[in-house]
>>> print(open('my_file-v1.cif').read())   # mmCIF, C-alpha atoms and all ligand atoms
data_work
#
loop_
_atom_site.group_PDB
_atom_site.id
_atom_site.type_symbol
_atom_site.label_atom_id
_atom_site.label_comp_id
_atom_site.auth_asym_id
_atom_site.auth_seq_id
_atom_site.Cartn_x
_atom_site.Cartn_y
_atom_site.Cartn_z
ATOM 1 C CA MET A 1 30.982 53.263 84.303
ATOM 2 C CA PRO A 2 30.279 56.921 85.154
ATOM 3 C CA ASN A 3 30.312 57.709 88.842
ATOM 4 C CA LYS A 4 26.985 59.358 89.678
ATOM 5 C CA ILE A 5 27.731 59.482 93.404
ATOM 6 C CA ASN A 6 29.166 62.672 94.812
ATOM 7 C CA ILE A 7 31.811 60.639 96.607
ATOM 8 C CA SER A 8 35.199 59.989 95.072
ATOM 9 C CA ASP A 9 36.241 56.900 93.141
ATOM 10 C CA ASP A 10 38.829 56.327 95.867
ATOM 11 C CA ILE A 11 36.115 56.107 98.529
ATOM 12 C CA ILE A 12 34.102 53.749 96.321
ATOM 13 C CA LYS A 13 37.132 51.501 95.986
ATOM 14 C CA GLU A 14 37.711 51.680 99.724
ATOM 15 C CA LEU A 15 34.090 50.691 100.366
ATOM 16 C CA ILE A 16 34.391 47.744 97.994
ATOM 17 C CA LYS A 17 37.676 46.589 99.541
ATOM 18 C CA SER A 18 36.131 46.882 103.016
ATOM 19 C CA ALA A 19 33.179 44.749 101.904
ATOM 20 C CA ASP A 20 35.570 42.220 100.420
ATOM 21 C CA ASN A 21 37.627 42.141 103.598
ATOM 22 C CA VAL A 22 34.690 41.556 105.947
ATOM 23 C CA ARG A 23 33.450 38.651 103.788
ATOM 24 C CA LYS A 24 36.014 36.434 105.497
ATOM 25 C CA ASN A 25 33.957 36.725 108.696
ATOM 26 C CA ALA A 26 30.731 35.623 107.036
ATOM 27 C CA TYR A 27 29.076 32.743 108.860
ATOM 28 C CA ALA A 28 27.498 30.835 105.994
ATOM 29 C CA PRO A 29 27.788 27.080 106.710
ATOM 30 C CA TYR A 30 24.418 26.374 105.033
ATOM 31 C CA SER A 31 24.485 28.377 101.803
ATOM 32 C CA HIS A 32 28.289 28.728 101.565
ATOM 33 C CA PHE A 33 27.444 32.073 99.970
ATOM 34 C CA LYS A 34 29.549 34.704 101.697
ATOM 35 C CA VAL A 35 28.527 38.340 101.494
ATOM 36 C CA GLY A 36 30.262 41.493 102.698
ATOM 37 C CA ALA A 37 28.762 44.975 102.903
ATOM 38 C CA ALA A 38 30.323 48.343 103.671
ATOM 39 C CA LEU A 39 28.129 51.282 104.600
ATOM 40 C CA TYR A 40 29.275 54.876 104.183
ATOM 41 C CA ALA A 41 27.866 56.366 107.368
ATOM 42 C CA ALA A 42 28.127 59.556 109.398
ATOM 43 C CA LYS A 43 27.165 60.699 112.895
ATOM 44 C CA ASP A 44 26.982 64.256 111.655
ATOM 45 C CA GLU A 45 26.437 65.097 107.992
ATOM 46 C CA ASP A 46 30.120 65.571 107.110
ATOM 47 C CA ASN A 47 32.180 62.994 108.936
ATOM 48 C CA PHE A 48 31.784 59.710 107.124
ATOM 49 C CA ASP A 49 33.156 56.369 108.292
ATOM 50 C CA ILE A 50 32.957 52.886 106.802
ATOM 51 C CA ILE A 51 30.879 50.399 108.801
ATOM 52 C CA THR A 52 31.049 46.827 107.577
ATOM 53 C CA GLY A 53 28.830 43.767 107.959
ATOM 54 C CA CYS A 54 28.718 40.146 106.840
ATOM 55 C CA ASN A 55 25.928 37.599 106.583
ATOM 56 C CA VAL A 56 25.308 35.470 109.669
ATOM 57 C CA GLU A 57 23.301 32.291 109.063
ATOM 58 C CA ASN A 58 21.527 30.068 111.578
ATOM 59 C CA ALA A 59 20.533 26.400 111.877
ATOM 60 C CA SER A 60 17.010 27.778 112.043
ATOM 61 C CA TYR A 61 17.357 29.260 108.548
ATOM 62 C CA PRO A 62 15.019 32.312 108.815
ATOM 63 C CA ALA A 63 16.956 33.542 111.852
ATOM 64 C CA GLY A 64 19.924 34.361 109.630
ATOM 65 C CA ASN A 65 20.864 37.942 108.798
ATOM 66 C CA CYS A 66 22.139 39.470 105.569
ATOM 67 C CA ALA A 67 25.400 41.412 105.363
ATOM 68 C CA GLU A 68 23.607 44.674 104.550
ATOM 69 C CA ARG A 69 21.392 44.562 107.633
ATOM 70 C CA THR A 70 24.340 43.594 109.827
ATOM 71 C CA ALA A 71 26.107 46.761 108.644
ATOM 72 C CA VAL A 72 23.031 48.969 109.109
ATOM 73 C CA PHE A 73 22.261 47.650 112.593
ATOM 74 C CA LYS A 74 25.910 47.897 113.648
ATOM 75 C CA ALA A 75 26.060 51.490 112.434
ATOM 76 C CA LEU A 76 22.801 52.551 114.091
ATOM 77 C CA SER A 77 23.767 50.970 117.382
ATOM 78 C CA GLU A 78 27.069 52.864 117.296
ATOM 79 C CA GLY A 79 25.284 56.194 116.802
ATOM 80 C CA TYR A 80 25.521 56.636 113.019
ATOM 81 C CA ASN A 81 22.324 58.074 111.588
ATOM 82 C CA SER A 82 23.241 59.388 108.135
ATOM 83 C CA PHE A 83 23.902 56.916 105.343
ATOM 84 C CA LYS A 84 25.130 57.780 101.863
ATOM 85 C CA ALA A 85 26.059 54.514 100.151
ATOM 86 C CA ILE A 86 26.552 50.793 100.619
ATOM 87 C CA ALA A 87 28.942 48.520 98.742
ATOM 88 C CA ILE A 88 27.995 44.847 98.449
ATOM 89 C CA LEU A 89 30.091 41.970 97.238
ATOM 90 C CA GLY A 90 29.450 38.275 97.560
ATOM 91 C CA GLY A 91 29.574 34.814 96.105
ATOM 92 C CA TYR A 92 30.835 31.294 96.526
ATOM 93 C CA ALA A 93 34.469 32.066 95.759
ATOM 94 C CA GLU A 94 36.739 32.001 98.794
ATOM 95 C CA LYS A 95 38.359 35.236 97.649
ATOM 96 C CA MET A 96 36.450 37.701 95.504
ATOM 97 C CA ILE A 97 39.267 40.110 94.784
ATOM 98 C CA GLN A 98 42.732 39.045 93.724
ATOM 99 C CA TYR A 99 45.247 41.670 94.677
ATOM 100 C CA ASN A 100 48.352 42.103 92.611
ATOM 101 C CA ALA A 101 50.801 43.751 94.973
ATOM 102 C CA SER A 102 53.259 44.780 92.254
ATOM 103 C CA ASN A 103 50.957 47.202 90.429
ATOM 104 C CA ASN A 104 48.132 47.549 92.981
ATOM 105 C CA GLN A 105 45.654 46.227 90.403
ATOM 106 C CA SER A 106 42.845 43.962 91.454
ATOM 107 C CA ASP A 107 40.260 41.802 89.766
ATOM 108 C CA THR A 108 37.635 39.199 90.530
ATOM 109 C CA SER A 109 39.043 35.777 91.226
ATOM 110 C CA ASP A 110 36.100 34.016 89.637
ATOM 111 C CA ALA A 111 34.481 35.457 86.539
ATOM 112 C CA SER A 112 31.276 33.523 87.256
ATOM 113 C CA GLU A 113 30.584 35.546 90.407
ATOM 114 C CA LYS A 114 27.686 37.950 89.896
ATOM 115 C CA TYR A 115 26.799 41.399 91.152
ATOM 116 C CA ILE A 116 24.904 41.057 94.443
ATOM 117 C CA SER A 117 21.749 43.083 94.792
ATOM 118 C CA PRO A 118 20.269 43.657 98.264
ATOM 119 C CA CYS A 119 17.271 41.458 99.078
ATOM 120 C CA GLY A 120 13.822 42.963 99.585
ATOM 121 C CA ILE A 121 14.066 42.949 103.366
ATOM 122 C CA CYS A 122 17.419 44.773 103.292
ATOM 123 C CA ARG A 123 16.054 47.322 100.822
ATOM 124 C CA GLN A 124 13.172 48.064 103.183
ATOM 125 C CA VAL A 125 15.506 48.333 106.194
ATOM 126 C CA LEU A 126 17.791 50.735 104.290
ATOM 127 C CA ARG A 127 14.786 52.720 103.089
ATOM 128 C CA GLU A 128 13.846 53.544 106.686
ATOM 129 C CA PHE A 129 17.039 55.546 107.233
ATOM 130 C CA VAL A 130 17.900 57.141 103.867
ATOM 131 C CA THR A 131 16.581 59.445 101.184
ATOM 132 C CA PRO A 132 16.035 56.855 98.444
ATOM 133 C CA ASN A 133 17.124 59.062 95.529
ATOM 134 C CA ASP A 134 20.234 60.163 97.417
ATOM 135 C CA PHE A 135 21.437 56.769 98.603
ATOM 136 C CA TYR A 136 23.697 54.705 96.363
ATOM 137 C CA VAL A 137 23.954 50.934 96.185
ATOM 138 C CA ILE A 138 27.307 49.808 94.794
ATOM 139 C CA MET A 139 27.102 46.231 93.537
ATOM 140 C CA ALA A 140 30.662 45.054 92.998
ATOM 141 C CA ARG A 141 32.537 42.145 91.485
ATOM 142 C CA SER A 142 35.856 43.825 92.164
ATOM 143 C CA ASP A 143 37.009 47.324 92.998
ATOM 144 C CA ASN A 144 37.155 48.161 89.304
ATOM 145 C CA ASP A 145 33.998 46.309 88.252
ATOM 146 C CA TYR A 146 30.827 47.642 89.840
ATOM 147 C CA ILE A 147 27.325 48.997 89.199
ATOM 148 C CA VAL A 148 25.936 52.037 91.017
ATOM 149 C CA ILE A 149 22.176 52.404 91.412
ATOM 150 C CA THR A 150 20.047 54.506 93.761
ATOM 151 C CA LEU A 151 17.748 52.906 96.297
ATOM 152 C CA GLU A 152 14.905 54.773 94.547
ATOM 153 C CA GLU A 153 15.745 52.929 91.313
ATOM 154 C CA LEU A 154 15.897 49.587 93.119
ATOM 155 C CA MET A 155 12.714 50.259 95.038
ATOM 156 C CA PRO A 156 10.323 52.700 93.372
ATOM 157 C CA MET A 157 7.225 53.945 95.219
ATOM 158 C CA SER A 158 8.465 52.451 98.471
ATOM 159 C CA PHE A 159 6.651 52.643 101.786
ATOM 160 C CA GLY A 160 8.528 54.574 104.433
ATOM 161 C CA PRO A 161 8.303 56.603 107.623
ATOM 162 C CA ASP A 162 6.683 59.531 105.774
ATOM 163 C CA ASN A 163 3.631 57.422 105.029
ATOM 164 C CA LEU A 164 2.858 57.173 108.728
ATOM 165 C CA ASN A 165 3.033 60.917 109.445
HETATM 166 N N1 LIG B 1 22.677 37.426 101.485
HETATM 167 C C1 LIG B 1 23.200 38.613 101.923
HETATM 168 O O1 LIG B 1 23.871 38.665 102.957
HETATM 169 N N2 LIG B 1 22.950 39.728 101.196
HETATM 170 C C2 LIG B 1 22.312 39.744 99.995
HETATM 171 O O2 LIG B 1 22.166 40.788 99.395
HETATM 172 C C3 LIG B 1 21.796 38.498 99.435
HETATM 173 C C4 LIG B 1 21.858 37.308 100.307
HETATM 174 C C5 LIG B 1 22.986 36.212 102.248
HETATM 175 C C6 LIG B 1 21.856 35.617 102.996
HETATM 176 C C7 LIG B 1 22.294 34.179 103.111
HETATM 177 O O3 LIG B 1 23.159 34.039 104.222
HETATM 178 C C8 LIG B 1 23.100 33.930 101.838
HETATM 179 O O4 LIG B 1 23.447 35.210 101.349
HETATM 180 C C9 LIG B 1 22.354 33.158 100.758
HETATM 181 O O5 LIG B 1 21.126 33.729 100.518
#
>>> encode(input="my_file-v1.cif", output="structure tokens", more="lines below")
Ligand code: THU
Amino acid sequence: MPNKINISDDIIKELIKSADNVRKNAYAPYSHFKVGAALYAAKDEDNFDIITGCNVENASYPAGNCAERTAVFKALSEGYNSFKAIAILGGYAEKMIQYNASNNQSDTSDASEKYISPCGICRQVLREFVTPNDFYVIMARSDNDYIVITLEELMPMSFGPDNLN
């Protein structure tokens, strides 16, 4: 899979591993579907950090929040305002990535797990804060099995802040 993001493969892998790691904190007692997201975010244009989020469900189902929005809201509230990419990984498996310490290789634990695409609400929330053709959604099954797509491709002709100016 060619890397069309101008960030390194190492950073992509780090984003995916961060998303995988935060999955363990997902609160998903209703769906049992645990999602992790890792946002590549900066306070100024150059200094990027990884801000993670997991899904947080609620007994009143619509009150739940997706992993992607958790990451975006965490980042914004901590002063990050420039977003370049988000890695997303999720499924029913307890562990998505199996790490093999001896050769540092990793793979999905369950081949039936699918790539997770952000829901419509998360796409719209992301769209508010990014340039859609310069924001990359990394849908991962492991850190060496992922799809990269721009928000513009996921959400053509979107409605955003510019429409209200
Ligand atoms: N979910 C996410 O966190 N992100 C997605 O992209 C898709 C769905 C969560 C919401 C809910 O807690 C569970 O996955 C099942 O829909």
>>> resolve_selection(input="my_file-v1.cif", expression="the PyMOL selection byres (((not hetatm)) within 10 of (chain B and resi 1))", output="number ranges by chain")
A: 23, 26-37, 53-58, 61-70, 88-92, 115-123, 139
>>> residues_around(input="my_file-v1.cif", residues="Asn47 of chain A", least_positions_apart="5", cutoff="12 Å", atoms="all atoms listed in the file", output="PyMOL selection string")
chain A and resi 40-42+80-84
>>> closest_residue(input="my_file-v1.cif", among="A:Ala87, A:Val22, A:Ile7, A:Ala71", to="Ile138 of chain A", atoms="only C-alpha atoms")
A:Ala87
>>> resolve_selection(input="my_file-v1.cif", expression="the PyMOL selection byres (((chain A and resi 146-148) around 8) and not hetatm)", output="PyMOL selection string")
chain A and resi 1+3-4+115+136-145+149-150
>>> closest_residue(input="my_file-v1.cif", among="A:Ala93, A:Leu164, A:Leu76, A:Ile86", to="Ser18 of chain A", atoms="only C-alpha atoms")
A:Ile86
>>> closest_residue(input="my_file-v1.cif", among="A:Ile16, A:Leu39, A:Leu126, A:Val72", to="Phe159 of chain A", atoms="only C-alpha atoms")
A:Leu126
>>> atom_distance(input="my_file-v1.cif", atom1="atom CA of Asn25 of chain A", atom2="atom CA of Gln98 of chain A")
17.5 Å
>>> closest_residue(input="my_file-v1.cif", among="A:Ala85, A:Val125, A:Ala75, A:Ala59", to="Leu15 of chain A", atoms="all atoms listed in the file")
A:Ala85
>>> atom_distance(input="my_file-v1.cif", atom1="atom CA of Gly160 of chain A", atom2="atom CA of Ile51 of chain A")
23.2 Å
>>> axis_aligned_box(input="my_file-v1.cif", around="segment 66-76 of chain A", padding_each_side="8 Å", output="JSON")
{"center_x": 23.7, "center_y": 46.0, "center_z": 109.3, "size_x": 20.7, "size_y": 29.1, "size_z": 25.5}
>>> atom_distance(input="my_file-v1.cif", atom1="atom CA of Lys24 of chain A", atom2="atom CA of Glu94 of chain A")
8.1 Å
>>> closest_residue(input="my_file-v1.cif", among="A:Ala19, A:Ile50, A:Ile11, A:Leu151", to="Val130 of chain A", atoms="all atoms listed in the file")
A:Leu151
>>> build_atoms(input="my_file-v1.cif", residues="segment 58-80 of chain A", atoms="N, CA, C and O atoms", output="short mmCIF file (atom, residue, chain, number, x, y, z; two decimals), keeping the file's coordinate frame")
data_model
loop_
_atom_site.label_atom_id
_atom_site.label_comp_id
_atom_site.auth_asym_id
_atom_site.auth_seq_id
_atom_site.Cartn_x
_atom_site.Cartn_y
_atom_site.Cartn_z
N ASN A 58 21.96 30.75 110.36
CA ASN A 58 21.53 30.07 111.58
C ASN A 58 20.94 28.71 111.21
O ASN A 58 20.33 28.58 110.14
N ALA A 59 21.10 27.74 112.11
CA ALA A 59 20.53 26.40 111.88
C ALA A 59 19.02 26.49 111.68
O ALA A 59 18.44 25.70 110.93
N SER A 60 18.40 27.44 112.33
CA SER A 60 17.01 27.78 112.04
C SER A 60 17.06 28.84 110.94
O SER A 60 17.22 30.04 111.21
N TYR A 61 16.98 28.41 109.70
CA TYR A 61 17.36 29.26 108.55
C TYR A 61 16.82 30.70 108.59
O TYR A 61 17.58 31.63 108.32
N PRO A 62 15.51 30.92 108.89
CA PRO A 62 15.02 32.31 108.82
C PRO A 62 15.65 33.25 109.85
O PRO A 62 15.51 34.46 109.74
N ALA A 63 16.32 32.69 110.83
CA ALA A 63 16.96 33.54 111.85
C ALA A 63 18.24 34.18 111.34
O ALA A 63 18.81 35.05 112.02
N GLY A 64 18.69 33.80 110.18
CA GLY A 64 19.92 34.36 109.63
C GLY A 64 19.77 35.82 109.26
O GLY A 64 18.65 36.33 109.10
N ASN A 65 20.88 36.52 109.14
CA ASN A 65 20.86 37.94 108.80
C ASN A 65 21.79 38.22 107.61
O ASN A 65 22.88 37.67 107.53
N CYS A 66 21.32 39.10 106.73
CA CYS A 66 22.14 39.47 105.57
C CYS A 66 23.25 40.45 105.97
O CYS A 66 23.14 41.18 106.96
N ALA A 67 24.27 40.52 105.13
CA ALA A 67 25.40 41.41 105.36
C ALA A 67 24.95 42.88 105.46
O ALA A 67 25.44 43.63 106.31
N GLU A 68 24.04 43.27 104.59
CA GLU A 68 23.61 44.67 104.55
C GLU A 68 22.96 45.08 105.87
O GLU A 68 23.23 46.15 106.42
N ARG A 69 22.06 44.22 106.37
CA ARG A 69 21.39 44.56 107.63
C ARG A 69 22.36 44.52 108.80
O ARG A 69 22.26 45.32 109.73
N THR A 70 23.32 43.60 108.76
CA THR A 70 24.34 43.59 109.83
C THR A 70 25.03 44.95 109.87
O THR A 70 25.20 45.54 110.94
N ALA A 71 25.41 45.46 108.70
CA ALA A 71 26.11 46.76 108.64
C ALA A 71 25.20 47.89 109.14
O ALA A 71 25.65 48.75 109.92
N VAL A 72 23.95 47.89 108.71
CA VAL A 72 23.03 48.97 109.11
C VAL A 72 22.79 48.93 110.62
O VAL A 72 22.85 49.96 111.31
N PHE A 73 22.57 47.75 111.15
CA PHE A 73 22.26 47.65 112.59
C PHE A 73 23.50 47.97 113.43
O PHE A 73 23.41 48.60 114.48
N LYS A 74 24.67 47.53 112.95
CA LYS A 74 25.91 47.90 113.65
C LYS A 74 26.05 49.41 113.69
O LYS A 74 26.33 50.00 114.73
N ALA A 75 25.87 50.04 112.54
CA ALA A 75 26.06 51.49 112.43
C ALA A 75 25.07 52.23 113.35
O ALA A 75 25.47 53.11 114.12
N LEU A 76 23.81 51.86 113.27
CA LEU A 76 22.80 52.55 114.09
C LEU A 76 23.12 52.40 115.57
O LEU A 76 23.04 53.37 116.34
N SER A 77 23.52 51.21 115.96
CA SER A 77 23.77 50.97 117.38
C SER A 77 25.02 51.70 117.86
O SER A 77 25.19 51.92 119.06
N GLU A 78 25.87 52.09 116.93
CA GLU A 78 27.07 52.86 117.30
C GLU A 78 26.84 54.37 117.15
O GLU A 78 27.77 55.16 117.30
N GLY A 79 25.61 54.77 116.83
CA GLY A 79 25.28 56.19 116.80
C GLY A 79 25.32 56.85 115.44
O GLY A 79 25.15 58.06 115.32
N TYR A 80 25.55 56.07 114.38
CA TYR A 80 25.52 56.64 113.02
C TYR A 80 24.07 56.75 112.58
O TYR A 80 23.29 55.82 112.74
#
